[in-house]
file query_3.txt (compact mmCIF, C-alpha atoms)
# COMPACT_ATOMS: atom_id res chain seq x y z
CA MET Z 11 127.72 224.74 211.57
CA LYS Z 12 124.17 226.06 211.58
CA ALA Z 13 122.39 228.62 209.40
CA ILE Z 14 119.88 230.81 211.18
CA THR Z 15 117.68 233.74 210.16
CA ILE Z 16 118.26 236.70 212.43
CA THR Z 17 114.94 237.85 213.90
CA SER Z 18 114.62 240.47 216.59
CA GLY Z 19 113.33 239.07 219.89
CA GLN Z 20 114.53 235.48 219.36
CA GLU Z 21 117.43 233.59 220.92
CA LEU Z 22 119.89 230.94 219.82
CA ASN Z 23 120.43 228.37 222.57
CA CYS Z 24 123.10 225.72 221.91
CA ARG Z 25 125.90 223.94 223.73
CA PHE Z 26 128.14 226.94 223.09
CA GLY Z 27 125.90 229.30 225.02
CA VAL Z 28 122.91 231.59 224.65
CA TYR Z 29 122.84 234.34 222.02
CA ARG Z 30 120.15 236.96 221.49
CA HIS Z 31 119.41 237.80 217.87
CA SER Z 32 119.12 241.46 218.79
CA ASP Z 33 122.79 241.41 219.86
CA LEU Z 34 123.78 240.17 216.40
CA ILE Z 35 121.81 242.73 214.39
CA GLY Z 36 124.14 245.39 213.02
CA MET Z 37 127.30 243.35 213.61
CA PRO Z 38 129.72 243.32 210.65
CA PHE Z 39 130.39 239.93 209.10
CA GLY Z 40 133.34 238.17 210.68
CA THR Z 41 132.64 239.48 214.18
CA LYS Z 42 133.33 237.15 217.09
CA VAL Z 43 130.45 237.29 219.57
CA ALA Z 44 130.70 235.82 223.07
CA SER Z 45 127.70 234.09 224.65
CA ARG Z 46 125.77 235.68 227.47
CA ASN Z 47 126.52 232.84 229.88
CA LYS Z 48 130.23 232.81 228.93
CA LYS Z 49 130.18 229.21 227.64
CA GLY Z 50 131.58 229.94 224.21
CA PHE Z 51 131.43 232.20 221.19
CA VAL Z 52 130.21 232.31 217.59
CA TYR Z 53 131.33 234.01 214.39
CA VAL Z 54 128.84 235.96 212.29
CA LEU Z 55 129.61 234.89 208.70
CA ARG Z 56 128.30 236.14 205.39
CA PRO Z 57 126.16 233.48 203.65
CA THR Z 58 128.03 231.82 200.76
CA PRO Z 59 127.29 228.72 198.65
CA GLU Z 60 130.15 226.91 200.38
CA LEU Z 61 128.71 227.59 203.84
CA TRP Z 62 125.24 226.67 202.65
CA THR Z 63 126.56 223.32 201.39
CA LEU Z 64 127.84 222.56 204.89
CA SER Z 65 124.68 223.64 206.72
CA LEU Z 66 121.73 222.97 204.40
CA PRO Z 67 118.94 220.52 205.33
CA HIS Z 68 119.66 217.27 203.49
CA ARG Z 69 116.74 216.10 201.40
CA THR Z 70 118.96 214.06 199.08
CA GLN Z 71 122.62 213.22 198.61
CA ILE Z 72 124.41 216.46 197.82
CA LEU Z 73 127.51 217.59 195.98
CA TYR Z 74 130.35 219.05 198.02
CA VAL Z 75 132.88 221.74 197.20
CA ALA Z 76 135.46 219.43 195.61
CA ASP Z 77 133.00 218.13 192.99
CA ILE Z 78 131.20 221.45 192.53
CA ALA Z 79 134.37 223.43 191.80
CA PHE Z 80 135.61 220.83 189.32
CA ILE Z 81 132.26 220.63 187.48
CA ILE Z 82 131.83 224.40 187.18
CA SER Z 83 135.40 224.77 185.91
CA TRP Z 84 135.13 221.98 183.35
CA LEU Z 85 131.73 223.09 182.04
CA GLY Z 86 133.05 226.63 181.61
CA ILE Z 87 130.24 228.21 183.61
CA LYS Z 88 130.82 231.95 183.94
CA ALA Z 89 128.95 235.22 184.21
CA GLY Z 90 126.12 235.30 181.66
CA SER Z 91 125.98 231.52 181.07
CA VAL Z 92 122.69 229.68 180.69
CA VAL Z 93 122.78 226.37 182.57
CA VAL Z 94 120.27 223.51 182.61
CA GLU Z 95 120.24 221.26 185.68
CA ALA Z 96 118.24 218.06 186.10
CA GLY Z 97 117.89 216.90 189.70
CA THR Z 98 117.70 219.94 191.99
CA GLY Z 99 117.70 217.83 195.15
CA SER Z 100 118.82 219.85 198.16
CA GLY Z 101 120.07 222.76 196.04
CA SER Z 102 123.78 222.55 196.89
CA PHE Z 103 124.98 222.69 193.27
CA SER Z 104 122.25 225.17 192.31
CA HIS Z 105 123.51 227.81 194.75
CA SER Z 106 127.07 227.67 193.40
CA VAL Z 107 125.86 227.87 189.81
CA ALA Z 108 123.61 230.84 190.61
CA ARG Z 109 126.59 232.74 191.99
CA SER Z 110 128.81 231.84 189.00
CA ILE Z 111 126.34 232.93 186.29
CA GLY Z 112 125.63 236.28 187.93
CA SER Z 113 122.64 238.50 187.29
CA LYS Z 114 122.95 238.23 183.48
CA GLY Z 115 122.88 234.43 183.39
CA HIS Z 116 120.05 232.02 184.07
CA LEU Z 117 119.62 228.60 185.66
CA HIS Z 118 116.91 226.21 184.50
CA THR Z 119 116.63 223.48 187.14
CA PHE Z 120 114.18 220.57 187.23
CA GLU Z 121 113.05 218.29 190.08
CA PHE Z 122 110.60 215.39 189.70
CA HIS Z 123 109.77 215.20 193.45
CA LYS Z 124 107.16 217.86 194.21
CA VAL Z 125 107.89 218.23 197.95
CA ARG Z 126 111.60 218.73 197.31
CA MET Z 127 110.82 221.18 194.53
CA GLU Z 128 108.64 223.32 196.79
CA ALA Z 129 111.26 223.34 199.57
CA ALA Z 130 113.98 224.37 197.11
CA GLN Z 131 111.74 227.08 195.68
CA LEU Z 132 111.33 228.64 199.11
CA GLU Z 133 115.09 228.56 199.69
CA PHE Z 134 115.81 230.14 196.30
CA ALA Z 135 113.41 232.99 197.06
CA ALA Z 136 114.86 233.54 200.54
CA HIS Z 137 118.44 233.60 199.22
CA GLY Z 138 117.77 236.06 196.40
CA MET Z 139 118.00 233.57 193.53
CA ALA Z 140 114.48 233.91 192.16
CA ASP Z 141 115.44 236.43 189.47
CA ARG Z 142 118.20 234.25 187.99
CA SER Z 143 116.69 230.77 188.28
CA THR Z 144 113.64 228.89 187.06
CA LEU Z 145 112.59 225.82 189.05
CA LYS Z 146 110.09 223.39 187.53
CA HIS Z 147 108.42 220.18 188.69
CA ARG Z 148 109.12 217.82 185.80
CA ASN Z 149 110.36 214.30 185.01
CA VAL Z 150 112.87 215.11 182.29
CA CYS Z 151 113.62 211.45 181.57
CA LYS Z 152 110.08 210.96 180.26
CA GLU Z 153 108.88 214.47 179.40
CA GLY Z 154 112.13 216.15 178.36
CA PHE Z 155 113.30 219.68 179.19
CA ASP Z 156 110.96 221.51 176.80
CA LEU Z 157 113.86 223.80 175.86
CA SER Z 158 115.55 224.31 172.51
CA GLY Z 159 118.97 225.79 171.78
CA VAL Z 160 119.36 227.90 174.94
CA ALA Z 161 121.88 226.14 177.20
CA ASP Z 162 125.62 226.70 177.35
CA ALA Z 163 126.05 223.76 179.75
CA VAL Z 164 123.92 220.89 181.07
CA PHE Z 165 124.30 219.03 184.36
CA LEU Z 166 122.44 215.74 184.93
CA ASP Z 167 122.17 214.32 188.45
CA LEU Z 168 119.69 211.53 187.68
CA PRO Z 169 119.37 207.79 188.35
CA ALA Z 170 119.20 207.16 184.58
CA PRO Z 171 120.94 210.09 182.85
CA TRP Z 172 121.11 208.26 179.50
CA GLU Z 173 117.34 208.67 179.16
CA ALA Z 174 117.64 212.47 179.22
CA ILE Z 175 120.69 212.96 176.97
CA ALA Z 176 118.65 213.31 173.75
CA SER Z 177 116.48 216.01 175.33
CA ALA Z 178 119.58 217.67 176.79
CA LYS Z 179 121.15 217.83 173.33
CA ALA Z 180 118.03 219.59 172.02
CA ALA Z 181 118.28 222.16 174.82
CA MET Z 182 121.95 222.96 174.08
CA LYS Z 183 123.07 225.73 171.74
CA LYS Z 184 124.03 224.68 168.21
CA THR Z 185 126.05 227.79 167.33
CA GLN Z 186 128.91 227.26 169.78
CA THR Z 187 130.70 224.56 171.71
CA THR Z 188 128.61 223.34 174.64
CA ARG Z 189 129.35 220.85 177.41
CA ILE Z 190 127.50 218.32 179.48
CA CYS Z 191 128.25 216.55 182.78
CA CYS Z 192 126.55 213.46 184.22
CA PHE Z 193 126.88 212.66 187.94
CA SER Z 194 126.55 208.90 188.56
CA PRO Z 195 127.53 206.81 191.61
CA CYS Z 196 127.85 203.45 189.80
CA MET Z 197 130.08 202.32 186.94
CA GLU Z 198 127.15 200.59 185.22
CA GLN Z 199 125.45 203.98 184.94
CA VAL Z 200 128.61 205.45 183.45
CA LEU Z 201 128.81 202.75 180.77
CA ARG Z 202 125.23 203.28 179.61
CA THR Z 203 125.68 207.05 179.71
CA VAL Z 204 128.81 206.89 177.56
CA SER Z 205 127.00 204.72 175.01
CA SER Z 206 124.16 207.24 174.79
CA LEU Z 207 126.58 210.17 174.47
CA ASN Z 208 128.31 208.43 171.55
CA GLU Z 209 124.99 207.77 169.86
CA GLN Z 210 123.98 211.43 170.15
CA GLY Z 211 127.22 212.68 168.58
CA PHE Z 212 129.08 214.01 171.63
CA THR Z 213 132.89 214.05 171.53
CA GLN Z 214 135.82 214.07 173.97
CA ILE Z 215 133.98 211.88 176.45
CA THR Z 216 135.95 211.59 179.70
CA MET Z 217 135.21 210.33 183.18
CA TYR Z 218 136.72 211.59 186.45
CA GLU Z 219 136.51 210.61 190.09
CA THR Z 220 137.20 213.38 192.57
CA LEU Z 221 138.69 212.28 195.90
CA LEU Z 222 139.35 214.75 198.70
CA ARG Z 223 142.56 214.25 200.68
CA THR Z 224 142.79 216.22 203.91
CA MET Z 225 146.33 216.95 205.08
CA ASP Z 226 147.37 217.36 208.71
CA VAL Z 227 149.89 220.21 209.02
CA THR Z 228 152.02 220.27 212.16
CA SER Z 229 154.94 222.42 213.24
CA THR Z 230 158.11 220.98 214.75
CA THR Z 231 161.56 222.15 215.78
CA LEU Z 232 164.63 220.90 213.99
CA GLU Z 233 167.45 219.48 216.06
CA THR Z 234 170.29 221.97 216.41
CA PRO Z 235 172.84 220.93 213.80
CA LYS Z 236 176.42 220.16 214.76
CA SER Z 237 179.54 221.47 213.10
CA LEU Z 238 180.50 220.25 209.64
CA ASP Z 239 183.57 218.41 210.96
CA GLY Z 240 181.45 216.58 213.50
CA ALA Z 241 178.94 215.51 210.86
CA ILE Z 242 181.72 214.22 208.59
CA ALA Z 243 183.29 212.32 211.47
CA LYS Z 244 179.94 210.77 212.34
CA LEU Z 245 179.47 209.57 208.78
CA LYS Z 246 182.96 208.10 208.65
CA MET Z 247 182.45 206.34 211.96
CA SER Z 248 179.22 204.84 210.66
CA ALA Z 249 181.12 203.53 207.64
CA VAL Z 250 183.77 202.02 209.92
CA ARG Z 251 181.15 200.25 212.00
CA LYS Z 252 179.52 198.80 208.89
CA GLU Z 253 182.85 197.52 207.64
CA GLU Z 254 183.65 195.98 211.03
CA LYS Z 255 180.30 194.24 211.04
CA ARG Z 256 180.93 192.87 207.55
CA GLN Z 257 184.41 191.63 208.50
CA LYS Z 258 182.99 189.98 211.59
CA GLN Z 259 180.38 188.12 209.58
CA MET Z 260 182.98 186.99 207.05
CA GLU Z 261 185.33 185.72 209.77
CA THR Z 262 182.53 183.86 211.54
CA SER Z 263 181.43 182.21 208.31
CA ARG Z 264 185.02 181.23 207.44
CA LEU Z 265 185.67 179.61 210.81
CA ALA Z 266 182.37 177.77 210.69
CA TYR Z 267 183.10 176.46 207.18
CA GLU Z 268 186.62 175.27 208.10
CA ALA Z 269 185.35 173.55 211.22
CA LYS Z 270 182.66 171.81 209.17
CA MET Z 271 185.06 170.64 206.45
CA ALA Z 272 187.85 169.47 208.80
CA PRO Z 273 187.93 165.62 209.27
CA GLU Z 274 187.64 164.12 212.72
CA GLY Z 275 190.90 163.54 214.52
CA ASP Z 276 192.77 166.06 212.40
CA GLY Z 277 195.18 167.98 214.51
CA GLY Z 278 195.08 171.02 212.26
CA ALA Z 279 191.36 171.32 212.71
CA GLU Z 280 191.74 171.09 216.46
CA ASP Z 281 194.31 173.86 216.40
CA LEU Z 282 192.01 175.93 214.23
CA SER Z 283 188.94 175.48 216.37
CA ARG Z 284 190.78 175.99 219.69
CA GLY Z 285 188.59 174.43 222.24
CA VAL Z 286 185.59 172.93 220.51
CA GLU Z 287 182.96 171.78 222.95
CA GLY Z 288 182.28 168.10 222.22
CA ASP Z 289 183.85 165.70 219.76
CA GLY Z 290 181.57 166.19 216.72
CA PRO Z 291 182.46 169.00 214.30
CA ARG Z 292 178.81 169.64 213.32
CA GLY Z 293 176.19 171.46 215.38
CA VAL Z 294 178.55 172.59 218.14
CA LYS Z 295 179.66 175.99 219.44
CA ARG Z 296 183.29 176.91 219.17
CA LYS Z 297 185.07 179.05 221.66
CA GLY Z 298 187.39 180.32 218.96
CA VAL Z 299 184.51 181.87 217.02
CA GLU Z 300 183.07 183.42 220.14
CA SER Z 301 186.39 184.91 221.10
CA ALA Z 302 186.88 186.33 217.62
CA ALA Z 303 183.42 187.89 217.70
CA GLU Z 304 184.07 189.36 221.13
CA ALA Z 305 187.30 190.84 219.91
CA LEU Z 306 185.57 192.51 216.99
CA VAL Z 307 182.86 193.86 219.26
CA ASP Z 308 185.53 195.31 221.53
CA ASP Z 309 187.14 196.98 218.53
CA ALA Z 310 183.82 198.51 217.52
CA ARG Z 311 183.30 199.80 221.04
CA GLU Z 312 186.73 201.37 220.96
CA LEU Z 313 185.68 203.22 217.79
CA GLU Z 314 182.50 204.49 219.43
CA GLY Z 315 184.38 205.71 222.48
CA PRO Z 316 183.84 204.94 226.16
CA ALA Z 317 180.33 203.94 227.14
CA LEU Z 318 178.41 206.57 229.05
CA PRO Z 319 177.56 205.63 232.65
CA THR Z 320 173.98 204.80 233.47
CA LYS Z 321 171.74 207.23 235.33
CA ARG Z 322 172.26 205.37 238.63
CA ALA Z 323 176.01 205.20 238.09
CA ARG Z 324 176.16 208.92 237.36
CA HIS Z 325 174.20 209.58 240.51
CA ASP Z 326 176.58 207.48 242.61
CA GLN Z 327 179.75 208.95 241.16
CA GLU Z 328 181.41 211.96 242.68
CA PRO Z 329 181.59 215.25 240.71
CA SER Z 330 185.34 214.90 240.46
CA THR Z 331 185.00 211.45 238.93
CA LEU Z 332 182.49 212.72 236.40
CA ALA Z 333 184.75 215.64 235.50
CA SER Z 334 187.75 213.36 234.97
CA SER Z 335 185.66 210.95 232.97
CA SER Z 336 184.38 213.78 230.79
CA SER Z 337 187.87 215.14 230.15
CA ALA Z 338 189.14 211.67 229.37
CA SER Z 339 186.40 211.03 226.90
CA THR Z 340 187.04 214.38 225.23
CA SER Z 341 190.74 213.73 224.88
CA LYS Z 342 190.08 210.22 223.60
CA ALA Z 343 187.57 211.55 221.07
CA GLN Z 344 190.24 213.87 219.69
CA GLU Z 345 192.64 210.97 219.08
CA PRO Z 346 192.70 209.25 215.69
CA ILE Z 347 190.61 206.10 215.47
CA PRO Z 348 192.81 203.04 214.89
CA HIS Z 349 192.74 201.24 211.53
CA HIS Z 350 190.50 198.14 211.59
CA SER Z 351 190.07 196.32 208.29
CA THR Z 352 189.33 199.54 206.46
CA PRO Z 353 191.50 202.18 204.83
CA ALA Z 354 189.48 205.03 206.39
CA THR Z 355 191.03 206.96 209.29
CA VAL Z 356 188.51 208.95 211.33
CA VAL Z 357 189.44 211.91 213.50
CA VAL Z 358 186.65 212.97 215.86
CA SER Z 359 186.78 216.47 217.27
CA ALA Z 360 184.56 218.09 219.82
CA PRO Z 361 181.47 219.37 217.93
CA THR Z 362 180.76 223.06 217.99
CA PRO Z 363 177.02 223.74 218.04
CA ILE Z 364 175.82 226.46 215.72
CA SER Z 365 172.52 228.29 215.88
CA ILE Z 366 170.37 228.78 212.78
CA PRO Z 367 167.45 231.21 213.11
CA GLY Z 368 164.02 229.97 212.19
CA ASN Z 369 164.69 226.28 212.73
CA ARG Z 370 160.97 225.45 213.00
CA ILE Z 371 159.47 223.68 210.00
CA SER Z 372 155.99 222.57 209.02
CA LEU Z 373 155.26 218.94 208.19
CA CYS Z 374 152.13 217.69 206.45
CA LYS Z 375 150.73 214.19 206.19
CA PRO Z 376 147.34 212.83 205.15
CA PHE Z 377 144.80 211.97 207.81
CA ALA Z 378 144.27 208.28 208.47
CA GLU Z 379 140.57 208.57 207.60
CA GLN Z 380 139.85 209.93 204.15
CA ARG Z 381 136.55 210.59 202.44
CA GLY Z 382 135.90 207.74 200.01
CA HIS Z 383 134.14 207.49 196.69
CA THR Z 384 131.19 209.79 196.04
CA SER Z 385 130.34 209.55 192.34
CA TYR Z 386 131.79 209.47 188.84
CA LEU Z 387 131.74 212.60 186.70
CA THR Z 388 131.26 211.93 182.98
CA PHE Z 389 131.97 214.93 180.72
CA ALA Z 390 131.39 215.39 177.00
CA ILE Z 391 131.47 218.17 174.41
CA LEU Z 392 128.92 218.97 171.71
CA LEU Z 393 130.53 220.77 168.78
CA PRO Z 394 128.65 223.36 166.71
CA SER Z 395 126.54 222.06 163.87
CA ILE Z 396 128.10 222.33 160.38
CA TYR Z 397 124.77 222.97 158.73
CA PRO Z 398 122.39 225.79 159.58
CA GLU Z 399 119.13 224.78 161.20
CA SER Z 400 117.18 225.38 157.99
CA GLU Z 401 119.38 222.89 156.14
CA GLU Z 402 119.57 220.14 158.75
CA THR Z 403 116.55 218.39 157.28
CA GLU Z 404 118.02 218.46 153.79
CA ALA Z 405 121.38 217.19 155.01
CA SER Z 406 119.81 214.30 156.94
CA SER Z 407 117.77 213.28 153.86
CA GLY Z 408 120.86 213.24 151.62
CA ILE Z 409 120.15 216.51 149.75
CA THR Z 410 123.13 218.88 149.96
CA SER Z 411 122.87 222.46 148.79
CA THR Z 412 125.61 224.33 146.97
CA SER Z 413 126.44 226.57 149.92
CA ALA Z 414 126.57 223.62 152.28
CA MET Z 415 129.01 221.80 150.01
CA ALA Z 416 131.23 224.86 149.71
CA MET Z 417 131.28 225.73 153.38
CA PRO Z 418 133.78 223.13 154.66
CA GLU Z 419 136.28 224.01 151.91
CA ILE Z 420 135.92 227.75 152.39
CA VAL Z 421 136.30 227.50 156.15
CA MET Z 422 139.43 225.36 155.87
CA ASN Z 423 141.02 227.83 153.48
CA GLY Z 424 140.10 230.77 155.69
CA HIS Z 425 138.08 232.68 153.05
CA HIS Z 426 134.68 234.33 153.48
CA ALA Z 427 133.29 234.28 149.96
CA SER Z 428 129.69 233.51 150.88
CA ALA Z 429 127.24 234.25 153.68
CA GLY Z 430 127.17 230.61 154.69
CA ALA Z 431 130.95 230.44 154.99
CA GLY Z 432 131.00 233.64 157.02
CA SER Z 433 128.50 232.29 159.52
CA ILE Z 434 130.52 229.11 160.02
CA SER Z 435 133.72 231.11 160.56
CA ASP Z 436 132.01 233.25 163.17
CA THR Z 437 130.78 230.12 164.90
CA PHE Z 438 134.27 228.67 165.29
CA VAL Z 439 135.69 231.97 166.53
CA GLU Z 440 132.98 232.14 169.17
CA ALA Z 441 133.65 228.57 170.22
CA GLU Z 442 137.36 229.31 170.55
CA ASP Z 443 136.67 232.36 172.69
CA SER Z 444 134.38 230.28 174.88
CA SER Z 445 137.01 227.62 175.46
CA MET Z 446 139.64 230.23 176.28
CA ALA Z 447 137.36 231.83 178.84
CA SER Z 448 136.70 228.50 180.49
CA THR Z 449 140.40 227.78 180.68
call {"tool": "encode", "arguments": {"input": "query_3.txt", "output": "structure tokens"}}
result
Amino acid sequence: MKAITITSGQELNCRFGVYRHSDLIGMPFGTKVASRNKKGFVYVLRPTPELWTLSLPHRTQILYVADIAFIISWLGIKAGSVVVEAGTGSGSFSHSVARSIGSKGHLHTFEFHKVRMEAAQLEFAAHGMADRSTLKHRNVCKEGFDLSGVADAVFLDLPAPWEAIASAKAAMKKTQTTRICCFSPCMEQVLRTVSSLNEQGFTQITMYETLLRTMDVTSTTLETPKSLDGAIAKLKMSAVRKEEKRQKQMETSRLAYEAKMAPEGDGGAEDLSRGVEGDGPRGVKRKGVESAAEALVDDARELEGPALPTKRARHDQEPSTLASSSSASTSKAQEPIPHHSTPATVVVSAPTPISIPGNRISLCKPFAEQRGHTSYLTFAILLPSIYPESEETEASSGITSTSAMAMPEIVMNGHHASAGAGSISDTFVEAEDSSMAST
């Protein structure tokens, strides 16, 4: 897939043919356009973040749709959200976020590599994202975000995300529940990130690994089912064959054991073995066992019916012979199967095929080659602060005001007796509404 800018007077020349840009101007999105030299065709598609992810110029490792969709859903990014991103890279995640936040939201994204920042800035302007995004050249691990209490969600795609978590916490809102996600390819990075998140007071720390499994869907035709009586007879015949095989094994083992335990020169053993080859009772083949096995095999063949002639034999036979053979086999199939070491009596009748409409089904199985590990996603939640910003200094120094002491009790009881208690209640209601919207 390739993204091009339609310009009058230019041509697209590829292995699928030659296309003039002037022929594409005015075409509605989704139109199938054939090449001028009749080598192929192209579809004119509306630009979307998903298509841009598949066709963008790679300046760094990028996030794909599976990770992007999961991150945006878990962070609760929606229309009007303010998102802070560290590590713009190729801009794959930035484009999806810009669409999710809409015109009322804003994206603050930071890139420490100046050349990549300038390339991303040109792409943002060309794709109409300049009014809803702010791109800065900055090393947030050392210099921080220089933001305070503005972000609803933070996404860190950095080699050392634990160095930027303190600054990310300062950039997140303190009046509602906010979320953070760290994208790390190695487990060692995850461990250090989790330690830093715990130190900064984040809760509900979880880590996910998103793996994409592509399924191969094929369509096949079911075999025309037989009649119910034929299916029952087939199952009973299978049970008979299993029982015959078990009886055969038991008889063979019994004869072998008796021949082994019989002393030499014993007439009874000779009568039992009936024609043992050689004088020794051990390590020899007995004709009696072979004859018993052959008899059981013949019985099983009688249950299965007459063997069908081979292709060459059918070719050599006359039509009359084939007809008589077919009628004989049909009449024999309708006869009861004799009782052989089993109480089941099987009656096989000629199956009557039935037709079921729509006997095509779809089967799906995973492809042999699957996309492997990309990175680990570490999520955490920052709950609203209990104390107002003006009282955080007093609380940290051990001085607690009267309203601050009363607030937890008033909130738990559901009363609004003071201004401080009312503000805390409003904070929790807003956080609940935010979580419901993300769900």
call {"tool": "residues_around", "arguments": {"input": "query_3.txt", "residues": "range 17-25 of chain Z", "least_positions_apart": "6", "cutoff": "12 Å", "atoms": "only C-alpha atoms", "output": "list in words"}}
result
Met11, His31, Ser32, Asp33, Leu34, Ile35, Gly36, Ser45, Arg46, Asn47, Lys48, Lys49, Gly50, Phe51 and Val52 of chain Z
call {"tool": "closest_residue", "arguments": {"input": "query_3.txt", "among": "Z:Phe120, Z:Phe165, Z:Trp62, Z:Phe134", "to": "Gly86 in chain Z", "atoms": "only C-alpha atoms"}}
result
Z:Phe165
call {"tool": "residues_around", "arguments": {"input": "query_3.txt", "residues": "Ile391 in chain Z", "least_positions_apart": "6", "cutoff": "7 Å", "atoms": "all atoms listed in the file", "output": "PyMOL selection string"}}
result
chain Z and resi 187-190+212-214
call {"tool": "residues_around", "arguments": {"input": "query_3.txt", "residues": "Glu133 in chain Z", "least_positions_apart": "2", "cutoff": "12 Å", "atoms": "only C-alpha atoms", "output": "count of residues only"}}
result
25
call {"tool": "atom_distance", "arguments": {"input": "query_3.txt", "atom1": "CA of Pro169 in chain Z", "atom2": "CA of Ile87 in chain Z"}}
result
23.6 Å
call {"tool": "atom_distance", "arguments": {"input": "query_3.txt", "atom1": "CA of Ser110 in chain Z", "atom2": "CA of Ile82 in chain Z"}}
result
8.2 Å
call {"tool": "residues_near_point", "arguments": {"input": "query_3.txt", "point": "(118.6, 216.0, 181.4)", "cutoff": "7 Å", "atoms": "only C-alpha atoms", "output": "compact mmCIF listing (two decimals) with C-alpha atoms, keeping the file's coordinate frame"}}
result
# COMPACT_ATOMS: atom_id res chain seq x y z
CA GLU Z 95 120.24 221.26 185.68
CA ALA Z 96 118.24 218.06 186.10
CA VAL Z 150 112.87 215.11 182.29
CA CYS Z 151 113.62 211.45 181.57
CA PHE Z 155 113.30 219.68 179.19
CA LEU Z 166 122.44 215.74 184.93
CA PRO Z 171 120.94 210.09 182.85
CA ALA Z 174 117.64 212.47 179.22
CA ILE Z 175 120.69 212.96 176.97
CA SER Z 177 116.48 216.01 175.33
CA ALA Z 178 119.58 217.67 176.79
call {"tool": "closest_residue", "arguments": {"input": "query_3.txt", "among": "Z:Lys244, Z:His68, Z:Arg142, Z:His118", "to": "Asp156 in chain Z", "atoms": "only C-alpha atoms"}}
result
Z:His118
